[in-house]
$ cat start_22.csv   # CSV, C-alpha atoms
chain,number,residue,atom,x,y,z
A,74,MET,CA,-4.2,70.5,79.3
A,75,GLN,CA,-4.2,71.9,75.8
A,76,GLU,CA,-7.0,74.3,76.5
A,77,LEU,CA,-5.2,75.8,79.6
A,78,LEU,CA,-1.9,75.9,77.7
A,79,GLU,CA,-3.5,78.0,75.0
A,80,GLU,CA,-5.1,80.2,77.6
A,81,ILE,CA,-1.6,80.8,79.2
A,82,GLU,CA,-0.1,81.4,75.8
A,83,ASN,CA,-2.7,83.9,74.8
A,84,TYR,CA,-2.2,85.8,78.1
A,85,TRP,CA,1.6,86.1,77.7
A,86,ASP,CA,1.1,86.8,74.0
A,87,GLN,CA,-0.8,89.9,74.9
A,88,ARG,CA,1.7,90.9,77.5
A,89,SER,CA,4.7,90.3,75.3
A,90,SER,CA,5.3,94.0,74.4
A,91,GLY,CA,5.2,95.3,78.0
A,92,TYR,CA,7.2,92.4,79.3
A,93,CYS,CA,9.8,92.9,76.6
A,94,GLU,CA,10.1,96.6,77.5
A,95,SER,CA,10.7,95.6,81.1
A,96,ASN,CA,13.4,93.0,80.2
A,97,LEU,CA,15.2,95.6,78.0
A,98,GLU,CA,15.2,98.0,80.9
A,99,GLU,CA,16.7,95.3,83.1
A,100,LEU,CA,19.5,94.7,80.6
A,101,GLU,CA,20.5,98.4,80.8
A,102,THR,CA,20.7,98.4,84.6
A,103,PHE,CA,22.8,96.8,87.4
A,104,LYS,CA,20.6,93.7,87.0
A,105,LYS,CA,22.5,92.4,84.0
A,106,GLU,CA,25.8,92.0,85.9
A,107,ALA,CA,24.0,91.0,89.1
A,108,TRP,CA,22.2,88.1,87.4
A,109,LEU,CA,25.3,87.0,85.5
A,110,GLU,CA,27.3,86.9,88.7
A,111,LEU,CA,24.6,85.0,90.5
A,112,ILE,CA,24.4,82.4,87.8
A,113,GLN,CA,28.2,82.1,87.4
A,114,GLU,CA,28.4,81.2,91.1
A,115,GLN,CA,26.5,78.0,90.3
A,116,PHE,CA,28.2,77.0,87.0
A,117,PRO,CA,28.9,73.3,86.4
A,118,SER,CA,32.6,72.3,85.9
A,119,VAL,CA,33.4,72.2,82.1
A,120,LYS,CA,36.8,72.2,80.6
A,121,ASP,CA,38.1,73.4,77.3
A,122,ARG,CA,34.8,74.3,75.7
A,123,LYS,CA,31.8,76.7,76.0
A,124,LEU,CA,29.0,75.9,78.3
A,125,ARG,CA,25.9,74.5,76.5
A,126,VAL,CA,23.1,76.5,78.0
A,127,LEU,CA,19.3,76.0,77.7
A,128,ASP,CA,17.1,78.9,78.7
A,129,ILE,CA,13.5,77.5,79.2
A,130,GLY,CA,10.7,80.0,79.0
A,131,THR,CA,13.0,82.6,77.7
A,132,GLY,CA,10.3,85.2,77.2
A,133,PRO,CA,12.0,88.2,75.5
A,134,GLY,CA,15.4,86.5,75.9
A,135,PHE,CA,16.7,88.1,79.1
A,136,PHE,CA,18.8,85.1,80.4
A,137,ALA,CA,19.6,83.9,76.8
A,138,ILE,CA,21.2,87.3,76.0
A,139,ILE,CA,23.1,87.5,79.3
A,140,MET,CA,24.5,84.0,78.8
A,141,ALA,CA,25.3,84.5,75.1
A,142,GLY,CA,26.9,87.8,75.8
A,143,ALA,CA,29.2,86.0,78.3
A,144,GLY,CA,30.4,83.7,75.5
A,145,HIS,CA,28.3,80.6,76.0
A,146,ASP,CA,26.5,78.4,73.5
A,147,VAL,CA,22.9,79.2,74.1
A,148,THR,CA,19.6,77.6,73.1
A,149,ALA,CA,16.4,79.2,74.2
A,150,VAL,CA,12.8,78.0,74.1
A,151,ASP,CA,9.4,79.4,74.7
A,152,TYR,CA,5.8,78.4,73.9
A,153,THR,CA,4.6,81.9,73.1
A,154,GLU,CA,5.2,82.9,69.5
A,155,ALA,CA,5.1,86.6,70.3
A,156,MET,CA,7.7,86.3,73.0
A,157,LEU,CA,10.0,84.4,70.7
A,158,LYS,CA,9.8,87.1,68.1
A,159,LYS,CA,10.7,89.7,70.7
A,160,ALA,CA,13.6,87.5,71.9
A,161,GLN,CA,14.9,87.2,68.4
A,162,ALA,CA,14.8,90.9,67.8
A,163,ASN,CA,16.4,91.6,71.2
A,164,ALA,CA,19.2,89.1,70.4
A,165,LYS,CA,19.9,90.9,67.2
A,166,ARG,CA,19.9,94.2,69.0
A,167,TYR,CA,22.6,92.9,71.4
A,168,HIS,CA,24.5,91.1,68.6
A,169,CYS,CA,24.0,87.7,70.3
A,170,ASN,CA,24.0,84.4,68.4
A,171,ILE,CA,21.2,82.3,70.1
A,172,HIS,CA,19.3,79.3,68.8
A,173,PHE,CA,15.6,79.9,69.4
A,174,GLU,CA,12.8,77.3,69.2
A,175,LYS,CA,9.1,77.2,70.0
A,176,MET,CA,8.7,74.4,72.5
A,177,GLU,CA,6.7,73.2,75.5
A,178,ALA,CA,8.6,73.1,78.8
A,179,HIS,CA,6.9,69.7,79.4
A,180,LYS,CA,8.0,68.2,76.1
A,181,LEU,CA,11.5,69.2,75.1
A,182,LEU,CA,12.5,68.0,71.7
A,183,PHE,CA,16.2,67.5,72.5
A,184,ALA,CA,18.4,64.4,73.0
A,185,ASP,CA,19.3,63.1,76.4
A,186,ASN,CA,22.2,64.6,78.2
A,187,CYS,CA,22.9,67.4,75.8
A,188,PHE,CA,23.1,70.6,78.1
A,189,ASP,CA,25.5,71.6,80.8
A,190,LEU,CA,23.2,74.2,82.3
A,191,ILE,CA,19.5,75.0,82.4
A,192,VAL,CA,18.3,78.4,83.5
A,193,SER,CA,14.7,79.5,83.9
A,194,ARG,CA,13.0,82.5,85.6
A,195,ASN,CA,9.3,82.9,86.6
A,196,LEU,CA,8.2,79.9,84.5
A,197,THR,CA,7.5,76.8,86.7
A,198,TRP,CA,4.6,78.5,88.5
A,199,ASN,CA,2.9,78.8,85.1
A,200,LEU,CA,3.1,75.0,84.3
A,201,GLU,CA,0.2,72.6,84.5
A,202,GLU,CA,2.4,69.6,84.9
A,203,PRO,CA,5.6,70.8,86.7
A,204,GLU,CA,6.6,67.3,87.7
A,205,GLN,CA,6.8,66.3,84.1
A,206,ALA,CA,8.7,69.4,83.2
A,207,TYR,CA,11.3,68.7,85.9
A,208,GLN,CA,11.7,65.2,84.6
A,209,GLU,CA,12.3,66.5,81.1
A,210,TRP,CA,14.8,69.0,82.3
A,211,TYR,CA,16.6,66.3,84.2
A,212,ARG,CA,16.7,64.1,81.0
A,213,VAL,CA,18.3,66.7,78.8
A,214,LEU,CA,21.0,67.7,81.3
A,215,GLY,CA,24.3,65.9,81.1
A,216,LYS,CA,26.1,64.3,84.0
A,217,ASN,CA,26.9,66.8,86.7
A,218,GLY,CA,24.8,69.4,84.8
A,219,ARG,CA,23.1,72.1,86.7
A,220,LEU,CA,19.5,73.4,86.9
A,221,LEU,CA,19.0,77.0,88.0
A,222,ASN,CA,15.4,77.8,88.6
A,223,PHE,CA,14.4,81.2,89.8
A,224,ASP,CA,10.8,81.6,90.8
A,225,ALA,CA,8.5,82.7,93.7
A,226,ASN,CA,5.1,81.7,95.2
A,227,TRP,CA,3.3,83.8,92.6
A,228,TYR,CA,-0.4,84.0,93.1
A,229,LEU,CA,-0.4,81.8,96.2
A,230,HIS,CA,-2.7,84.5,97.6
A,231,VAL,CA,-5.6,83.2,95.4
A,232,HIS,CA,-5.8,80.1,97.7
A,233,ASN,CA,-4.2,81.3,101.0
A,234,SER,CA,-6.0,84.0,103.1
A,235,GLU,CA,-2.9,85.0,105.0
A,236,LYS,CA,-1.0,85.5,101.8
A,237,ARG,CA,-3.9,87.5,100.4
A,238,LYS,CA,-3.6,89.9,103.4
A,239,GLU,CA,0.2,90.2,102.7
A,240,TYR,CA,-0.4,90.8,99.0
A,241,GLU,CA,-3.0,93.5,99.8
A,242,ASN,CA,-0.5,95.1,102.2
A,243,ASP,CA,2.0,95.2,99.4
A,244,ARG,CA,-0.5,97.1,97.3
A,245,VAL,CA,-1.0,99.6,100.2
A,246,MET,CA,2.8,100.1,100.6
A,247,THR,CA,3.3,100.8,96.9
A,248,ARG,CA,0.6,103.5,97.1
A,249,ASN,CA,1.9,105.0,100.3
A,250,LYS,CA,5.4,105.3,98.8
A,251,ASN,CA,3.9,106.6,95.5
A,252,LEU,CA,5.5,103.8,93.5
A,253,PRO,CA,4.2,102.1,90.4
A,254,ASP,CA,2.2,99.0,91.2
A,255,HIS,CA,3.3,96.1,89.0
A,256,TYR,CA,0.0,94.3,89.5
A,257,THR,CA,-2.3,97.1,88.5
A,258,ASN,CA,-0.3,97.5,85.3
A,259,THR,CA,-1.4,94.0,84.2
A,260,ASP,CA,-4.7,92.1,83.8
A,261,THR,CA,-4.5,90.8,87.4
A,262,ARG,CA,-8.0,89.3,87.4
A,263,ARG,CA,-7.4,87.3,84.3
A,264,MET,CA,-4.1,86.0,85.7
A,265,GLU,CA,-5.7,85.1,89.0
A,266,ASN,CA,-8.3,83.1,87.2
A,267,ILE,CA,-5.6,81.2,85.3
A,268,ALA,CA,-3.5,80.7,88.5
A,269,LYS,CA,-6.5,79.1,90.2
A,270,LYS,CA,-6.2,76.3,87.7
A,271,LEU,CA,-2.4,75.8,88.1
A,272,PRO,CA,-1.1,73.3,90.7
A,273,LEU,CA,1.8,75.4,92.0
A,274,SER,CA,-0.3,78.3,93.0
A,275,LYS,CA,-1.5,76.0,95.9
A,276,LYS,CA,2.0,74.8,97.0
A,277,LEU,CA,4.5,76.2,99.4
A,278,ARG,CA,7.7,76.6,97.4
A,279,PRO,CA,10.6,76.0,97.1
A,280,GLU,CA,9.9,73.2,99.6
A,281,TRP,CA,7.6,71.4,97.1
A,282,ASP,CA,10.3,71.7,94.4
A,283,VAL,CA,13.0,70.2,96.6
A,284,GLN,CA,11.0,67.1,97.2
A,285,GLU,CA,10.1,66.6,93.6
A,286,LEU,CA,13.7,67.1,92.4
A,287,LYS,CA,15.0,64.6,94.9
A,288,LYS,CA,12.4,62.0,93.7
A,289,ILE,CA,13.6,62.6,90.1
A,290,GLY,CA,17.2,62.0,91.0
A,291,PHE,CA,18.8,65.5,91.4
A,292,LYS,CA,21.5,65.8,94.0
A,293,LYS,CA,23.3,68.7,95.8
A,294,ILE,CA,20.1,70.9,95.8
A,295,ILE,CA,20.8,74.4,97.1
A,296,ILE,CA,18.1,76.9,98.0
A,297,ASP,CA,18.5,80.6,98.3
A,298,LYS,CA,15.5,82.6,99.4
A,299,GLY,CA,17.3,85.9,99.5
A,300,ILE,CA,18.3,86.5,95.9
A,301,GLY,CA,15.9,89.5,95.6
A,302,GLU,CA,18.3,91.5,97.6
A,303,ARG,CA,20.8,91.0,94.8
A,304,VAL,CA,18.7,91.3,91.7
A,305,TRP,CA,15.7,93.4,92.5
A,306,ASN,CA,15.5,97.1,92.7
A,307,THR,CA,13.7,99.0,95.5
A,308,ILE,CA,10.4,99.2,93.6
A,309,GLU,CA,10.4,95.4,93.1
A,310,LYS,CA,11.3,94.7,96.7
A,311,ILE,CA,8.2,96.7,97.9
A,312,ASN,CA,5.9,95.4,95.2
A,313,TYR,CA,6.8,91.8,95.9
A,314,ALA,CA,7.6,91.9,99.6
A,315,SER,CA,5.2,89.0,100.4
A,316,THR,CA,6.5,87.0,97.4
A,317,PRO,CA,10.3,86.9,97.6
A,318,MET,CA,12.1,85.3,94.7
A,319,PHE,CA,14.1,82.1,95.4
A,320,MET,CA,16.8,80.2,93.6
A,321,ILE,CA,16.8,76.4,93.3
A,322,ALA,CA,20.2,75.1,92.1
A,323,ALA,CA,20.2,71.3,91.5
A,324,GLU,CA,22.9,69.1,90.1
A,325,LYS,CA,22.3,65.9,88.1

$ encode --input "start_22.csv" --output "structure tokens"
Amino acid sequence: MQELLEEIENYWDQRSSGYCESNLEELETFKKEAWLELIQEQFPSVKDRKLRVLDIGTGPGFFAIIMAGAGHDVTAVDYTEAMLKKAQANAKRYHCNIHFEKMEAHKLLFADNCFDLIVSRNLTWNLEEPEQAYQEWYRVLGKNGRLLNFDANWYLHVHNSEKRKEYENDRVMTRNKNLPDHYTNTDTRRMENIAKKLPLSKKLRPEWDVQELKKIGFKKIIIDKGIGERVWNTIEKINYASTPMFMIAAEK
């Protein structure tokens, strides 16, 4: 596991600058309010205090900054050192007080039942042991706490021939519409090689996640496969037409 974890860290370390620029652009568009509204709809019930929020796989700090800007008590973790440095700089830029720590999503160094809300975006597909990660996330959530996981069937096309055709069609559509292709701007071959080693690139999601979360003990699981209509711009909708983003909202 350690070797693959280091490979993933190295990949995202090298992508940190470009990913940071993308996140900063998002924070200056409609997306900031769109994401905040979407997350607020799933808030757990807490009275007379701030929400204790944990952003797992924070990257350059997108969710952490949104949640801290809305007045919540935010802790954010990531395993990539370069991403954490970007996140800390971005938090300072937006005058946000956020507690950052370098940490594995599979091994959270927090006490049991200490967060009201966990948020995560485009992380779980990267994990070598997603079942263990979900168990850890359940452990650190307090009673009636909420998990909000936003992800997609990223790189399912490396194992699924039909998805590969759909993925290639997305590339054609971006060219035909003269739009930037988000895959050609990254080291796609390298990421595909990593994805082949990851368990969730073979699974149909979020169906897989629902079953695992139920086994762990989560209740009131809500799935929304249409959130891209709310939080993606036109370029993203065309780039990722075959890979729609979904939301998993699960209560402890």

$ residues_around --input "start_22.csv" --residues "Lys270 in chain A" --least-positions-apart "5" --cutoff "12 Å" --atoms "all atoms listed in the file" --output "list in words"
Met74, Glu76, Leu77, Leu78, Glu80, Ile81, Trp198, Asn199, Leu200, Glu201, Glu202, Tyr228, Leu229, Val231, His232, Arg263, Met264, Glu265 and Lys275 of chain A

$ atom_distance --input "start_22.csv" --atom1 "CA of Asn242 in chain A" --atom2 "CA of Lys310 in chain A"
13.0 Å

$ axis_aligned_box --input "start_22.csv" --around "range 168-178 of chain A" --padding-each-side "8 Å" --output "AutoDock Vina command-line options"
--center_x 15.6 --center_y 82.1 --center_z 73.6 --size_x 33.8 --size_y 34.0 --size_z 26.4

$ closest_residue --input "start_22.csv" --among "A:Met140, A:Asn251, A:Lys238, A:Leu181" --to "Glu106 in chain A" --atoms "all atoms listed in the file"
A:Met140

$ residues_around --input "start_22.csv" --residues "Arg194 in chain A" --least-positions-apart "2" --cutoff "9 Å" --atoms "only C-alpha atoms" --output "PyMOL selection string"
chain A and resi 128-131+136+192+196-197+221-224

$ atom_distance --input "start_22.csv" --atom1 "CA of Cys187 in chain A" --atom2 "CA of Phe319 in chain A"
26.0 Å

$ closest_atom_pairs --input "start_22.csv" --of "range 192-292 of chain A" --to "range 122-127 of chain A" --cutoff "10 Å" --atoms "all atoms listed in the file" --output "JSON lines"
{"residue": "A:Val192", "atom": "CA", "partner": "A:Leu127", "partner_atom": "CA", "distance": 6.4}
{"residue": "A:Ser193", "atom": "CA", "partner": "A:Leu127", "partner_atom": "CA", "distance": 8.5}
{"residue": "A:Trp210", "atom": "CA", "partner": "A:Leu127", "partner_atom": "CA", "distance": 9.5}
{"residue": "A:Val213", "atom": "CA", "partner": "A:Leu127", "partner_atom": "CA", "distance": 9.4}
{"residue": "A:Leu214", "atom": "CA", "partner": "A:Leu127", "partner_atom": "CA", "distance": 9.2}
{"residue": "A:Gly215", "atom": "CA", "partner": "A:Arg125", "partner_atom": "CA", "distance": 9.9}
{"residue": "A:Gly218", "atom": "CA", "partner": "A:Arg125", "partner_atom": "CA", "distance": 9.8}
{"residue": "A:Arg219", "atom": "CA", "partner": "A:Val126", "partner_atom": "CA", "distance": 9.7}
{"residue": "A:Leu220", "atom": "CA", "partner": "A:Leu127", "partner_atom": "CA", "distance": 9.6}

$ closest_residue --input "start_22.csv" --among "A:Trp305, A:Tyr313, A:Ile191, A:Ala107" --to "Tyr256 in chain A" --atoms "all atoms listed in the file"
A:Tyr313

$ atom_distance --input "start_22.csv" --atom1 "CA of Ala164 in chain A" --atom2 "CA of Glu110 in chain A"
20.1 Å

$ closest_residue --input "start_22.csv" --among "A:Asn266, A:Val304, A:Lys325, A:Glu204" --to "Asp189 in chain A" --atoms "all atoms listed in the file"
A:Lys325

$ closest_residue --input "start_22.csv" --among "A:Leu109, A:Ile171, A:Met320, A:Leu97" --to "Asn195 in chain A" --atoms "all atoms listed in the file"
A:Met320

$ residues_around --input "start_22.csv" --residues "Leu182 in chain A" --least-positions-apart "3" --cutoff "12 Å" --atoms "only C-alpha atoms" --output "VMD selection string"
chain A and resid 150 174 to 179 185 187 209 to 210 212 to 213

$ decode --input "start_22.csv" --residues "range 291-314 of chain A" --atoms "N, CA and C atoms" --output "mmCIF file, in the first residue's frame"
data_model
loop_
_atom_site.group_PDB
_atom_site.id
_atom_site.type_symbol
_atom_site.label_atom_id
_atom_site.label_comp_id
_atom_site.auth_asym_id
_atom_site.auth_seq_id
_atom_site.Cartn_x
_atom_site.Cartn_y
_atom_site.Cartn_z
ATOM 1 N N PHE A 291 -24.002 3.422 8.674
ATOM 2 C CA PHE A 291 -24.631 4.687 8.301
ATOM 3 C C PHE A 291 -26.118 4.470 8.023
ATOM 4 N N LYS A 292 -26.901 5.508 8.287
ATOM 5 C CA LYS A 292 -28.334 5.457 8.044
ATOM 6 C C LYS A 292 -28.745 6.666 7.207
ATOM 7 N N LYS A 293 -29.975 6.650 6.739
ATOM 8 C CA LYS A 293 -30.514 7.772 5.958
ATOM 9 C C LYS A 293 -29.557 8.194 4.844
ATOM 10 N N ILE A 294 -29.208 7.255 3.998
ATOM 11 C CA ILE A 294 -28.289 7.523 2.894
ATOM 12 C C ILE A 294 -29.066 8.100 1.709
ATOM 13 N N ILE A 295 -28.623 9.264 1.257
ATOM 14 C CA ILE A 295 -29.260 9.956 0.132
ATOM 15 C C ILE A 295 -28.265 10.011 -1.025
ATOM 16 N N ILE A 296 -28.734 9.694 -2.217
ATOM 17 C CA ILE A 296 -27.904 9.749 -3.414
ATOM 18 C C ILE A 296 -28.493 10.767 -4.387
ATOM 19 N N ASP A 297 -27.643 11.624 -4.914
ATOM 20 C CA ASP A 297 -28.070 12.583 -5.934
ATOM 21 C C ASP A 297 -27.057 12.515 -7.075
ATOM 22 N N LYS A 298 -27.502 12.028 -8.228
ATOM 23 C CA LYS A 298 -26.618 11.875 -9.387
ATOM 24 C C LYS A 298 -26.678 13.069 -10.326
ATOM 25 N N GLY A 299 -27.395 14.097 -9.925
ATOM 26 C CA GLY A 299 -27.571 15.240 -10.818
ATOM 27 C C GLY A 299 -26.933 16.530 -10.350
ATOM 28 N N ILE A 300 -25.993 16.439 -9.406
ATOM 29 C CA ILE A 300 -25.459 17.686 -8.843
ATOM 30 C C ILE A 300 -24.600 18.472 -9.823
ATOM 31 N N GLY A 301 -24.106 17.804 -10.881
ATOM 32 C CA GLY A 301 -23.325 18.522 -11.882
ATOM 33 C C GLY A 301 -24.099 19.658 -12.516
ATOM 34 N N GLU A 302 -25.406 19.500 -12.598
ATOM 35 C CA GLU A 302 -26.246 20.556 -13.164
ATOM 36 C C GLU A 302 -26.197 21.812 -12.303
ATOM 37 N N ARG A 303 -25.864 21.658 -11.031
ATOM 38 C CA ARG A 303 -25.840 22.793 -10.110
ATOM 39 C C ARG A 303 -24.435 23.387 -9.922
ATOM 40 N N VAL A 304 -23.411 22.548 -10.017
ATOM 41 C CA VAL A 304 -22.081 23.022 -9.622
ATOM 42 C C VAL A 304 -21.047 22.985 -10.744
ATOM 43 N N TRP A 305 -21.396 22.460 -11.906
ATOM 44 C CA TRP A 305 -20.463 22.440 -13.038
ATOM 45 C C TRP A 305 -20.846 23.509 -14.045
ATOM 46 N N ASN A 306 -19.851 24.056 -14.714
ATOM 47 C CA ASN A 306 -20.119 24.968 -15.821
ATOM 48 C C ASN A 306 -20.275 24.164 -17.122
ATOM 49 N N THR A 307 -20.550 24.846 -18.213
ATOM 50 C CA THR A 307 -20.810 24.169 -19.486
ATOM 51 C C THR A 307 -19.611 23.357 -19.954
ATOM 52 N N ILE A 308 -18.415 23.887 -19.775
ATOM 53 C CA ILE A 308 -17.209 23.178 -20.208
ATOM 54 C C ILE A 308 -17.066 21.854 -19.466
ATOM 55 N N GLU A 309 -17.319 21.864 -18.172
ATOM 56 C CA GLU A 309 -17.217 20.638 -17.376
ATOM 57 C C GLU A 309 -18.294 19.628 -17.767
ATOM 58 N N LYS A 310 -19.499 20.115 -18.017
ATOM 59 C CA LYS A 310 -20.593 19.210 -18.381
ATOM 60 C C LYS A 310 -20.285 18.465 -19.675
ATOM 61 N N ILE A 311 -19.590 19.109 -20.597
ATOM 62 C CA ILE A 311 -19.224 18.451 -21.851
ATOM 63 C C ILE A 311 -18.005 17.554 -21.655
ATOM 64 N N ASN A 312 -17.017 18.026 -20.919
ATOM 65 C CA ASN A 312 -15.818 17.232 -20.653
ATOM 66 C C ASN A 312 -16.135 15.919 -19.947
ATOM 67 N N TYR A 313 -17.074 15.990 -18.999
ATOM 68 C CA TYR A 313 -17.349 14.845 -18.133
ATOM 69 C C TYR A 313 -18.752 14.279 -18.332
ATOM 70 N N ALA A 314 -19.275 14.390 -19.547
ATOM 71 C CA ALA A 314 -20.643 13.923 -19.815
ATOM 72 C C ALA A 314 -20.827 12.454 -19.464
#
